[in-house]
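What's in coords_22.tsv: TSV, C-alpha atoms and all ligand atoms
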chain	number	residue	atom	x	y	z
A	1	MET	CA	30.96	-65.70	-50.21
A	2	LEU	CA	32.02	-66.68	-53.78
A	3	ARG	CA	35.77	-66.28	-54.42
A	4	VAL	CA	36.58	-65.34	-58.02
A	5	ALA	CA	39.99	-65.11	-59.74
A	6	VAL	CA	40.39	-62.25	-62.24
A	7	PRO	CA	43.48	-61.42	-64.39
A	8	ASN	CA	45.41	-58.61	-62.66
A	9	LYS	CA	47.23	-57.42	-65.82
A	10	GLY	CA	48.00	-58.42	-69.40
A	11	ALA	CA	45.85	-59.02	-72.45
A	12	LEU	CA	42.74	-60.20	-70.54
A	13	ALA	CA	42.67	-57.89	-67.51
A	14	ASP	CA	40.77	-54.81	-68.77
A	15	SER	CA	38.15	-56.77	-70.72
A	16	ALA	CA	37.54	-59.15	-67.79
A	17	ALA	CA	36.99	-56.26	-65.35
A	18	GLN	CA	34.77	-54.48	-67.89
A	19	MET	CA	32.61	-57.57	-68.35
A	20	LEU	CA	32.22	-58.03	-64.58
A	21	ARG	CA	31.23	-54.35	-64.25
A	22	GLU	CA	28.62	-54.80	-66.99
A	23	ALA	CA	27.34	-57.80	-65.03
A	24	GLY	CA	26.72	-55.48	-62.06
A	25	TYR	CA	29.71	-56.38	-59.89
A	26	ARG	CA	32.00	-53.98	-58.10
A	27	GLN	CA	35.56	-53.94	-59.46
A	28	ARG	CA	38.76	-52.45	-58.07
A	29	THR	CA	39.42	-48.79	-58.91
A	30	ASP	CA	43.18	-48.96	-58.28
A	31	SER	CA	45.15	-51.37	-60.52
A	32	LYS	CA	47.45	-52.09	-57.56
A	33	ASP	CA	44.61	-53.52	-55.44
A	34	LEU	CA	44.78	-57.31	-55.31
A	35	ILE	CA	41.39	-57.95	-53.70
A	36	CYS	CA	37.97	-56.33	-54.15
A	37	ARG	CA	35.03	-57.37	-52.00
A	38	ASP	CA	31.49	-56.83	-53.35
A	39	GLN	CA	29.48	-57.22	-50.15
A	40	ALA	CA	26.11	-56.55	-51.80
A	41	ASN	CA	26.55	-59.52	-54.16
A	42	ASP	CA	28.34	-61.75	-51.61
A	43	ILE	CA	31.35	-62.13	-53.88
A	44	GLU	CA	35.09	-61.43	-53.57
A	45	PHE	CA	37.49	-60.87	-56.50
A	46	PHE	CA	41.17	-61.83	-56.33
A	47	TYR	CA	43.46	-60.27	-58.96
A	48	LEU	CA	46.06	-62.81	-60.07
A	49	ARG	CA	48.38	-63.58	-62.97
A	50	PRO	CA	46.18	-65.28	-65.58
A	51	LYS	CA	48.75	-68.07	-65.79
A	52	ASP	CA	48.11	-68.97	-62.14
A	53	ILE	CA	44.32	-68.76	-62.18
A	54	ALA	CA	43.49	-72.34	-63.23
A	55	THR	CA	45.85	-73.60	-60.52
A	56	TYR	CA	44.02	-71.66	-57.78
A	57	VAL	CA	40.64	-72.82	-59.09
A	58	GLY	CA	41.76	-76.43	-59.64
A	59	SER	CA	43.01	-76.66	-56.04
A	60	GLY	CA	39.68	-75.36	-54.73
A	61	ASP	CA	41.30	-72.30	-53.08
A	62	LEU	CA	39.15	-70.12	-55.33
A	63	ASP	CA	35.71	-71.09	-56.66
A	64	VAL	CA	35.81	-69.82	-60.24
A	65	GLY	CA	38.11	-67.72	-62.41
A	66	ILE	CA	38.56	-65.94	-65.72
A	67	THR	CA	41.58	-67.02	-67.75
A	68	GLY	CA	42.57	-68.03	-71.29
A	69	ARG	CA	41.64	-71.44	-72.72
A	70	ASP	CA	45.32	-71.92	-73.66
A	71	LEU	CA	46.41	-71.13	-70.08
A	72	LEU	CA	43.81	-73.53	-68.66
A	73	ILE	CA	45.12	-76.39	-70.82
A	74	ASP	CA	48.74	-75.42	-70.18
A	75	SER	CA	48.21	-75.59	-66.40
A	76	GLY	CA	47.03	-79.22	-66.43
A	77	ALA	CA	44.95	-78.24	-63.36
A	78	PRO	CA	41.73	-80.18	-62.60
A	79	ALA	CA	39.60	-77.26	-63.81
A	80	GLU	CA	37.14	-77.03	-66.70
A	81	GLU	CA	35.74	-74.38	-69.02
A	82	VAL	CA	32.20	-73.28	-68.10
A	83	VAL	CA	31.59	-70.61	-70.75
A	84	ASP	CA	33.48	-68.87	-73.56
A	85	LEU	CA	33.49	-65.15	-72.68
A	86	ASN	CA	34.09	-64.01	-76.26
A	87	PHE	CA	37.10	-61.75	-75.73
A	88	GLY	CA	40.89	-62.28	-75.71
A	89	ARG	CA	40.63	-64.28	-78.94
A	90	ALA	CA	43.97	-65.52	-80.30
A	91	THR	CA	45.38	-68.61	-81.98
A	92	PHE	CA	48.25	-70.65	-80.62
A	93	ARG	CA	50.70	-71.58	-83.36
A	94	PHE	CA	54.08	-72.94	-84.30
A	95	ALA	CA	56.41	-70.58	-86.20
A	96	ALA	CA	59.92	-70.79	-87.63
A	97	ARG	CA	62.20	-69.11	-90.16
A	98	PRO	CA	60.78	-69.31	-93.68
A	99	ASP	CA	62.03	-72.44	-95.50
A	100	ASP	CA	63.13	-74.03	-92.23
A	101	VAL	CA	60.40	-76.22	-90.70
A	102	ASP	CA	57.01	-76.12	-92.43
A	103	ASP	CA	55.27	-79.26	-91.23
A	104	VAL	CA	54.53	-80.40	-87.68
A	105	ARG	CA	55.64	-83.94	-88.64
A	106	GLU	CA	59.15	-82.52	-89.15
A	107	LEU	CA	59.34	-81.25	-85.56
A	108	GLY	CA	61.01	-84.42	-84.19
A	109	GLY	CA	64.44	-83.63	-82.72
A	110	HIS	CA	63.91	-79.85	-82.92
A	111	ARG	CA	64.09	-77.36	-80.06
A	112	ILE	CA	60.77	-75.54	-79.48
A	113	ALA	CA	60.74	-72.40	-77.32
A	114	THR	CA	57.49	-71.53	-75.58
A	115	ALA	CA	55.98	-69.94	-72.49
A	116	TYR	CA	53.28	-72.66	-72.59
A	117	PRO	CA	55.28	-75.91	-72.15
A	118	GLY	CA	52.36	-77.94	-70.77
A	119	LEU	CA	50.20	-77.14	-73.78
A	120	VAL	CA	52.98	-77.79	-76.30
A	121	GLU	CA	54.15	-81.06	-74.70
A	122	ARG	CA	50.59	-82.39	-74.63
A	123	HIS	CA	50.11	-81.46	-78.28
A	124	LEU	CA	53.41	-83.10	-79.35
A	125	SER	CA	52.60	-86.24	-77.41
A	126	ASP	CA	49.16	-86.42	-79.11
A	127	LEU	CA	50.97	-86.19	-82.45
A	128	GLY	CA	53.56	-88.76	-81.36
A	129	VAL	CA	56.39	-86.28	-82.04
A	130	LYS	CA	59.49	-86.23	-79.80
A	131	ALA	CA	61.02	-82.74	-79.60
A	132	GLU	CA	62.80	-80.70	-76.94
A	133	VAL	CA	60.56	-78.07	-75.35
A	134	ILE	CA	62.44	-75.05	-74.00
A	135	ARG	CA	60.47	-73.16	-71.39
A	136	LEU	CA	60.80	-69.35	-71.56
A	137	ASP	CA	58.76	-66.62	-69.86
A	138	GLY	CA	58.17	-64.38	-72.89
A	139	ALA	CA	59.66	-62.73	-75.97
A	140	VAL	CA	60.03	-66.28	-77.29
A	141	GLU	CA	60.42	-65.05	-80.88
A	142	ASN	CA	63.94	-63.93	-79.94
A	143	ALA	CA	64.95	-67.49	-79.04
A	144	ILE	CA	65.44	-68.37	-82.71
A	145	ARG	CA	67.56	-65.31	-83.44
A	146	LEU	CA	69.68	-66.10	-80.38
A	147	GLY	CA	70.18	-69.73	-81.43
A	148	VAL	CA	68.38	-71.13	-78.38
A	149	ALA	CA	65.60	-72.77	-80.42
A	150	ASP	CA	64.62	-73.62	-84.04
A	151	VAL	CA	60.88	-73.24	-83.58
A	152	VAL	CA	58.57	-71.19	-81.34
A	153	ALA	CA	55.07	-71.99	-80.16
A	154	ASP	CA	53.19	-68.89	-79.06
A	155	VAL	CA	50.04	-66.83	-79.00
A	156	VAL	CA	49.36	-65.07	-82.31
A	157	GLU	CA	46.83	-62.27	-82.42
A	158	THR	CA	47.63	-59.85	-85.25
A	159	GLY	CA	50.83	-61.67	-86.36
A	160	ALA	CA	52.83	-58.41	-86.07
A	161	THR	CA	55.32	-59.80	-83.54
A	162	LEU	CA	56.15	-62.80	-85.74
A	163	ARG	CA	56.47	-60.61	-88.84
A	164	GLN	CA	58.87	-58.27	-87.09
A	165	ALA	CA	60.97	-61.25	-85.98
A	166	GLY	CA	61.04	-62.59	-89.58
A	167	LEU	CA	59.15	-65.77	-88.65
A	168	VAL	CA	56.24	-67.52	-90.36
A	169	VAL	CA	53.58	-69.81	-88.92
A	170	PHE	CA	53.27	-73.39	-90.12
A	171	GLY	CA	50.86	-76.27	-89.57
A	172	GLU	CA	47.36	-76.08	-88.16
A	173	PRO	CA	46.86	-73.90	-85.04
A	174	LEU	CA	47.36	-75.93	-81.88
A	175	LEU	CA	44.30	-74.18	-80.48
A	176	GLN	CA	41.84	-71.32	-80.88
A	177	SER	CA	41.92	-69.55	-77.55
A	178	SER	CA	39.70	-66.99	-75.86
A	179	ALA	CA	38.88	-65.90	-72.34
A	180	VAL	CA	36.81	-68.47	-70.47
A	181	LEU	CA	35.18	-68.86	-67.07
A	182	VAL	CA	36.67	-71.89	-65.31
A	183	ARG	CA	35.65	-73.95	-62.28
A	184	ARG	CA	37.06	-76.99	-60.54
A	185	ILE	CA	36.06	-80.30	-62.09
A	186	ASP	CA	33.26	-81.81	-59.96
A	187	ALA	CA	32.79	-78.54	-58.04
A	188	ALA	CA	29.72	-78.55	-55.78
A	189	PRO	CA	26.91	-76.21	-56.94
A	190	HIS	CA	27.23	-72.72	-55.48
A	191	PRO	CA	24.32	-70.22	-55.60
A	192	GLN	CA	26.57	-67.19	-56.23
A	193	ALA	CA	28.43	-69.10	-58.99
A	194	ALA	CA	25.11	-69.84	-60.68
A	195	GLN	CA	24.21	-66.14	-60.38
A	196	LEU	CA	27.58	-65.08	-61.83
A	197	LEU	CA	27.12	-67.44	-64.77
A	198	ARG	CA	23.58	-66.13	-65.42
A	199	ARG	CA	24.81	-62.55	-65.33
A	200	LEU	CA	27.75	-63.26	-67.66
A	201	HIS	CA	25.35	-64.96	-70.08
A	202	GLY	CA	23.23	-61.80	-69.83
A	203	VAL	CA	26.21	-59.64	-70.81
A	204	LEU	CA	27.13	-61.95	-73.71
A	205	VAL	CA	23.58	-61.76	-75.06
A	206	ALA	CA	23.32	-57.99	-74.49
A	207	ARG	CA	26.53	-57.55	-76.51
A	208	ARG	CA	25.40	-59.80	-79.38
A	209	TYR	CA	21.83	-58.54	-79.76
A	210	VAL	CA	20.05	-55.21	-80.17
A	211	MET	CA	16.38	-54.34	-79.70
A	212	LEU	CA	14.54	-53.51	-82.90
A	213	ALA	CA	11.20	-51.64	-82.86
A	214	TYR	CA	9.06	-50.68	-85.85
A	215	ASP	CA	5.52	-49.94	-87.01
A	216	VAL	CA	3.99	-52.02	-89.77
A	217	PRO	CA	0.54	-52.41	-91.43
A	218	ALA	CA	-1.25	-55.32	-89.69
A	219	GLY	CA	-1.63	-57.10	-93.04
A	220	LEU	CA	2.17	-57.36	-93.33
A	221	LEU	CA	2.72	-58.57	-89.75
A	222	ASP	CA	3.32	-62.23	-90.64
A	223	ARG	CA	5.99	-61.35	-93.20
A	224	ALA	CA	7.60	-58.81	-90.86
A	225	SER	CA	7.59	-61.31	-87.96
A	226	ALA	CA	9.37	-63.84	-90.17
A	227	LEU	CA	12.22	-61.31	-90.50
A	228	THR	CA	12.25	-60.60	-86.75
A	229	PRO	CA	11.20	-63.78	-84.93
A	230	GLY	CA	12.85	-62.60	-81.66
A	231	MET	CA	13.61	-65.08	-78.87
A	232	GLU	CA	10.18	-66.64	-78.24
A	233	SER	CA	8.16	-64.45	-80.59
A	234	PRO	CA	7.97	-60.68	-81.29
A	235	THR	CA	5.95	-58.36	-79.03
A	236	VAL	CA	3.06	-56.84	-81.00
A	237	SER	CA	1.11	-53.84	-79.61
A	238	PRO	CA	-1.83	-51.94	-81.09
A	239	LEU	CA	-1.26	-48.45	-82.55
A	240	HIS	CA	-3.71	-45.57	-82.43
A	241	ARG	CA	-3.60	-45.46	-86.22
A	242	GLU	CA	-6.16	-47.96	-87.53
A	243	GLY	CA	-4.70	-50.99	-89.33
A	244	TRP	CA	-1.13	-50.57	-88.01
A	245	VAL	CA	0.76	-52.40	-85.22
A	246	ALA	CA	4.02	-51.75	-83.34
A	247	VAL	CA	6.51	-54.63	-83.18
A	248	GLN	CA	9.52	-55.21	-80.92
A	249	ALA	CA	12.05	-58.03	-81.17
A	250	MET	CA	15.71	-58.83	-80.36
A	251	VAL	CA	17.90	-59.29	-83.43
A	252	LEU	CA	21.57	-60.12	-83.88
A	253	ARG	CA	23.63	-56.91	-83.96
A	254	GLU	CA	25.51	-58.10	-87.05
A	255	ASP	CA	22.23	-58.60	-88.99
A	256	VAL	CA	20.42	-55.43	-87.95
A	257	HIS	CA	21.11	-53.24	-91.00
A	258	ARG	CA	20.11	-55.95	-93.47
A	259	ILE	CA	16.90	-56.60	-91.50
A	260	MET	CA	16.09	-52.86	-91.31
A	261	ASP	CA	16.48	-52.57	-95.11
A	262	GLU	CA	14.21	-55.57	-95.66
A	263	LEU	CA	11.59	-54.26	-93.21
A	264	TYR	CA	11.59	-50.85	-94.89
A	265	GLU	CA	11.14	-52.40	-98.33
A	266	LEU	CA	8.28	-54.48	-96.94
A	267	GLY	CA	6.49	-51.31	-95.74
A	268	ALA	CA	7.54	-50.99	-92.09
A	269	ARG	CA	8.30	-47.44	-90.84
A	270	ALA	CA	9.72	-45.74	-87.72
A	271	ILE	CA	12.32	-48.51	-87.47
A	272	LEU	CA	14.46	-47.91	-84.37
A	273	VAL	CA	17.42	-49.78	-82.91
A	274	THR	CA	18.45	-49.58	-79.26
A	275	ASN	CA	21.23	-51.23	-77.28
A	276	ILE	CA	20.44	-53.81	-74.63
A	277	HIS	CA	22.36	-53.07	-71.43
A	278	ALA	CA	21.60	-56.29	-69.60
A	279	CYS	CA	19.18	-59.20	-69.79
A	280	ARG	CA	18.18	-62.56	-68.32
A	281	LEU	CA	16.72	-64.87	-70.92
B	1	LIG	N1	48.02	-60.21	-78.16
B	1	LIG	C1	48.06	-61.10	-77.18
B	1	LIG	N2	49.21	-61.36	-76.54
B	1	LIG	C2	49.26	-62.23	-75.53
B	1	LIG	N3	48.19	-62.93	-75.07
B	1	LIG	C3	47.02	-62.70	-75.66
B	1	LIG	C4	46.88	-61.79	-76.75
B	1	LIG	N4	45.58	-61.79	-77.12
B	1	LIG	C5	44.95	-62.66	-76.33
B	1	LIG	N5	45.80	-63.23	-75.45
B	1	LIG	C6	45.46	-64.21	-74.44
B	1	LIG	O1	45.76	-63.67	-73.15
B	1	LIG	C7	46.25	-64.70	-72.30
B	1	LIG	C8	47.65	-64.35	-71.85
B	1	LIG	O2	47.56	-63.30	-70.99
B	1	LIG	P1	48.85	-62.82	-70.17
B	1	LIG	O3	48.42	-61.70	-69.32
B	1	LIG	O4	49.52	-63.99	-69.53
B	1	LIG	O5	49.79	-62.42	-71.38
B	1	LIG	P2	50.31	-61.02	-71.81
B	1	LIG	O6	49.20	-60.07	-72.11
B	1	LIG	O7	51.24	-61.34	-72.90
B	1	LIG	O8	51.01	-60.51	-70.49
B	1	LIG	P3	52.55	-60.60	-70.05
B	1	LIG	O9	53.32	-60.88	-71.29
B	1	LIG	O10	52.79	-59.25	-69.47
B	1	LIG	O11	52.63	-61.69	-69.04
B	1	LIG	C9	46.23	-65.98	-73.11
B	1	LIG	O12	45.02	-66.65	-72.85
B	1	LIG	C10	46.28	-65.49	-74.54
B	1	LIG	O13	45.69	-66.39	-75.46
B	2	LIG	O1	50.29	-61.49	-82.94
B	2	LIG	P1	50.52	-60.27	-82.10
B	2	LIG	O2	49.39	-59.27	-82.20
B	2	LIG	O3	51.85	-59.64	-82.36
B	2	LIG	O4	50.46	-60.72	-80.56
B	2	LIG	C1	51.10	-61.86	-80.07
B	2	LIG	C2	52.33	-61.51	-79.30
B	2	LIG	O5	51.97	-60.75	-78.14
B	2	LIG	C3	52.41	-61.43	-76.97
B	2	LIG	O6	53.66	-60.95	-76.57
B	2	LIG	P2	53.83	-59.83	-75.44
B	2	LIG	O7	53.81	-58.46	-76.05
B	2	LIG	O8	52.85	-60.07	-74.36
B	2	LIG	O9	55.28	-60.10	-74.92
B	2	LIG	P3	55.78	-61.43	-74.16
B	2	LIG	O10	56.23	-62.36	-75.24
B	2	LIG	O11	56.89	-60.94	-73.32
B	2	LIG	O12	54.66	-61.98	-73.37
B	2	LIG	C4	52.55	-62.87	-77.43
B	2	LIG	O13	53.45	-63.60	-76.61
B	2	LIG	C5	53.04	-62.75	-78.85
B	2	LIG	O14	54.42	-62.55	-78.89
B	3	MG	MG	52.95	-61.78	-73.12

Could you render the structure as structure tokens?
Ligand SMILES: Nc1ncnc2c1ncn2[C@@H]1O[C@H](COP(=O)(O)OP(=O)(O)OP(=O)(O)O)[C@@H](O)[C@H]1O
Ligand SMILES: O=P(O)(O)OC[C@H]1O[C@H](OP(=O)(O)OP(=O)(O)O)[C@H](O)[C@@H]1O
Ligand SMILES: [Mg+2]
Amino acid sequence: MLRVAVPNKGALADSAAQMLREAGYRQRTDSKDLICRDQANDIEFFYLRPKDIATYVGSGDLDVGITGRDLLIDSGAPAEEVVDLNFGRATFRFAARPDDVDDVRELGGHRIATAYPGLVERHLSDLGVKAEVIRLDGAVENAIRLGVADVVADVVETGATLRQAGLVVFGEPLLQSSAVLVRRIDAAPHPQAAQLLRRLHGVLVARRYVMLAYDVPAGLLDRASALTPGMESPTVSPLHREGWVAVQAMVLREDVHRIMDELYELGARAILVTNIHACRL
């Protein structure tokens, strides 16, 4: 049975459970449950703090897990990213009072408060900067106001928390983070892990693409196909009406309205868009 770590609460928990549901797996119905066994798929989910997930996976106690890229790096665990799951996007940045520090090269000798000390220390050592890293559990923006630190290093999503604390970001982001599937480095192949990965890929594709169907005069098929090349090639079926064909192809969701306009101008009609619920490519 495959043992999978899933965030139990916080910024990644709901989206992770939603994605696993879309991939056809059973998920807990009570947010207090810490384990959910999906017998039919031979897989067991363990709900854990996202900060601990890379540690469990790196030690081999669990086979794979969903966590943040920043948390994976922070842990220093022997685990690696298998796929970007395209949710929980955030940047990880330095911030300080305006007109205080505004360049990472000026960080030497400063006190940096963070809940991600492993990530920050690694970054500073890569830059060759010697600073004091103060490990806090959260609400790190307050550390400056309270005189505990001069700089914070934290997750920034909308920037609202920093703004309210009167802080501004400086320097390049340390990292662009998002939710990722992780496994132990050098993990042996596992059939259920391969199935999980295939299903998650299916969800990612189903979210990014829609199915486009339209009718077009056969003489315009080449030009229409160039607009909708699909994955391998569009499906073309005969229509009862002489000289017309029906076409079906996957297109990127973000492009669909532009493509529909172009198809209509070309002469295509009955242009329909439908969602894809799941797929294996
Ligand atoms: N707005 C956000 N705040 C915090 N973390 C976020 C946000 N958006 C995405 N993330 C990502 O979520 C992960 C942190 O999740 P975690 O559950 O530990 O933090 P949290 O939601 O702040 O929960 P808590 O503060 O209750 O521990 C990181 O990978 C981080 O990059
Ligand atoms: O850029 P924003 O959209 O404001 O989001 C980022 C903020 O949200 C998180 O804090 P959280 O509310 O989880 O509190 P915490 O610091 O106690 O973890 C994170 O630590 C940042 O402070
Ligand atoms: Mg938090």

Here's a test: counting all atoms listed in the file, identify every protein, DNA and RNA residue with an atom at most 12 Å from (43.6, -59.0, -60.7) in the file's coordinate frame, and state them as a PyMOL selection string.
chain A and resi 4-17+27-36+44-53+65-67

Taking (53.2, -78.2, -87.6) in the file's own coordinates, collect the residues within 6 Å, counting all atoms listed in the file, and hand them back as an mmCIF file with C-alpha atoms, in the frame of the given file.
data_model
loop_
_atom_site.group_PDB
_atom_site.id
_atom_site.type_symbol
_atom_site.label_atom_id
_atom_site.label_comp_id
_atom_site.auth_asym_id
_atom_site.auth_seq_id
_atom_site.Cartn_x
_atom_site.Cartn_y
_atom_site.Cartn_z
ATOM 1 C CA ASP A 103 55.270 -79.260 -91.230
ATOM 2 C CA VAL A 104 54.530 -80.400 -87.680
ATOM 3 C CA PHE A 170 53.270 -73.390 -90.120
ATOM 4 C CA GLY A 171 50.860 -76.270 -89.570
#

Let me have all residues with an atom within 7 Å of ligand LIG 2 (chain B), counting all atoms listed in the file, laid out as a ChimeraX atom specification.
/A:137-141,154-162

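Relative to atom O10 of ligand LIG 1 (chain B), atom CA of Tyr116 of chain A is found at 13.8 Å.
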
Compile a residue-level contact table for segment 51-142 of chain A against segment 197-214 of chain A at a cut-off of 9 Å, reporting for every qualifying residue the shortest atom pair and its distance in Å to one decimal, with only C-alpha atoms counted, rows ordered by chain and ascending number, as a tab-separated table.
residue	atom	partner	partner_atom	distance
A:Val82	CA	A:Leu197	CA	8.4
A:Val83	CA	A:Leu197	CA	8.1
A:Leu85	CA	A:Leu204	CA	7.2
A:Asn86	CA	A:Leu204	CA	7.7

Interatomic distance between atom CA of Leu174 of chain A and atom CA of Ser59 of chain A?
26.2 Å

Reconstruct segment 255-269 of chain A at the level of N, CA and C atoms, and format the result as a short mmCIF file (atom, residue, chain, number, x, y, z; two decimals), keeping the file's coordinate frame.
data_model
loop_
_atom_site.label_atom_id
_atom_site.label_comp_id
_atom_site.auth_asym_id
_atom_site.auth_seq_id
_atom_site.Cartn_x
_atom_site.Cartn_y
_atom_site.Cartn_z
N ASP A 255 23.23 -58.50 -87.92
CA ASP A 255 22.23 -58.60 -88.99
C ASP A 255 21.34 -57.37 -89.08
N VAL A 256 21.48 -56.43 -88.13
CA VAL A 256 20.42 -55.43 -87.95
C VAL A 256 20.22 -54.54 -89.18
N HIS A 257 21.29 -54.16 -89.86
CA HIS A 257 21.11 -53.24 -91.00
C HIS A 257 20.43 -53.94 -92.17
N ARG A 258 20.78 -55.19 -92.41
CA ARG A 258 20.11 -55.95 -93.47
C ARG A 258 18.62 -56.09 -93.14
N ILE A 259 18.30 -56.41 -91.89
CA ILE A 259 16.90 -56.60 -91.50
C ILE A 259 16.13 -55.28 -91.61
N MET A 260 16.77 -54.17 -91.21
CA MET A 260 16.09 -52.86 -91.31
C MET A 260 15.77 -52.54 -92.77
N ASP A 261 16.72 -52.82 -93.67
CA ASP A 261 16.48 -52.57 -95.11
C ASP A 261 15.29 -53.40 -95.59
N GLU A 262 15.28 -54.69 -95.19
CA GLU A 262 14.21 -55.57 -95.66
C GLU A 262 12.85 -55.16 -95.09
N LEU A 263 12.85 -54.72 -93.82
CA LEU A 263 11.59 -54.26 -93.21
C LEU A 263 11.08 -53.01 -93.92
N TYR A 264 11.99 -52.10 -94.22
CA TYR A 264 11.59 -50.85 -94.89
C TYR A 264 10.98 -51.16 -96.26
N GLU A 265 11.66 -52.04 -97.00
CA GLU A 265 11.14 -52.40 -98.33
C GLU A 265 9.78 -53.07 -98.23
N LEU A 266 9.57 -53.80 -97.14
CA LEU A 266 8.28 -54.48 -96.94
C LEU A 266 7.17 -53.47 -96.65
N GLY A 267 7.52 -52.31 -96.05
CA GLY A 267 6.49 -51.31 -95.74
C GLY A 267 6.50 -50.88 -94.28
N ALA A 268 7.44 -51.41 -93.50
CA ALA A 268 7.54 -50.99 -92.09
C ALA A 268 8.13 -49.58 -92.05
N ARG A 269 7.77 -48.80 -91.01
CA ARG A 269 8.30 -47.44 -90.84
C ARG A 269 8.65 -47.23 -89.37
#
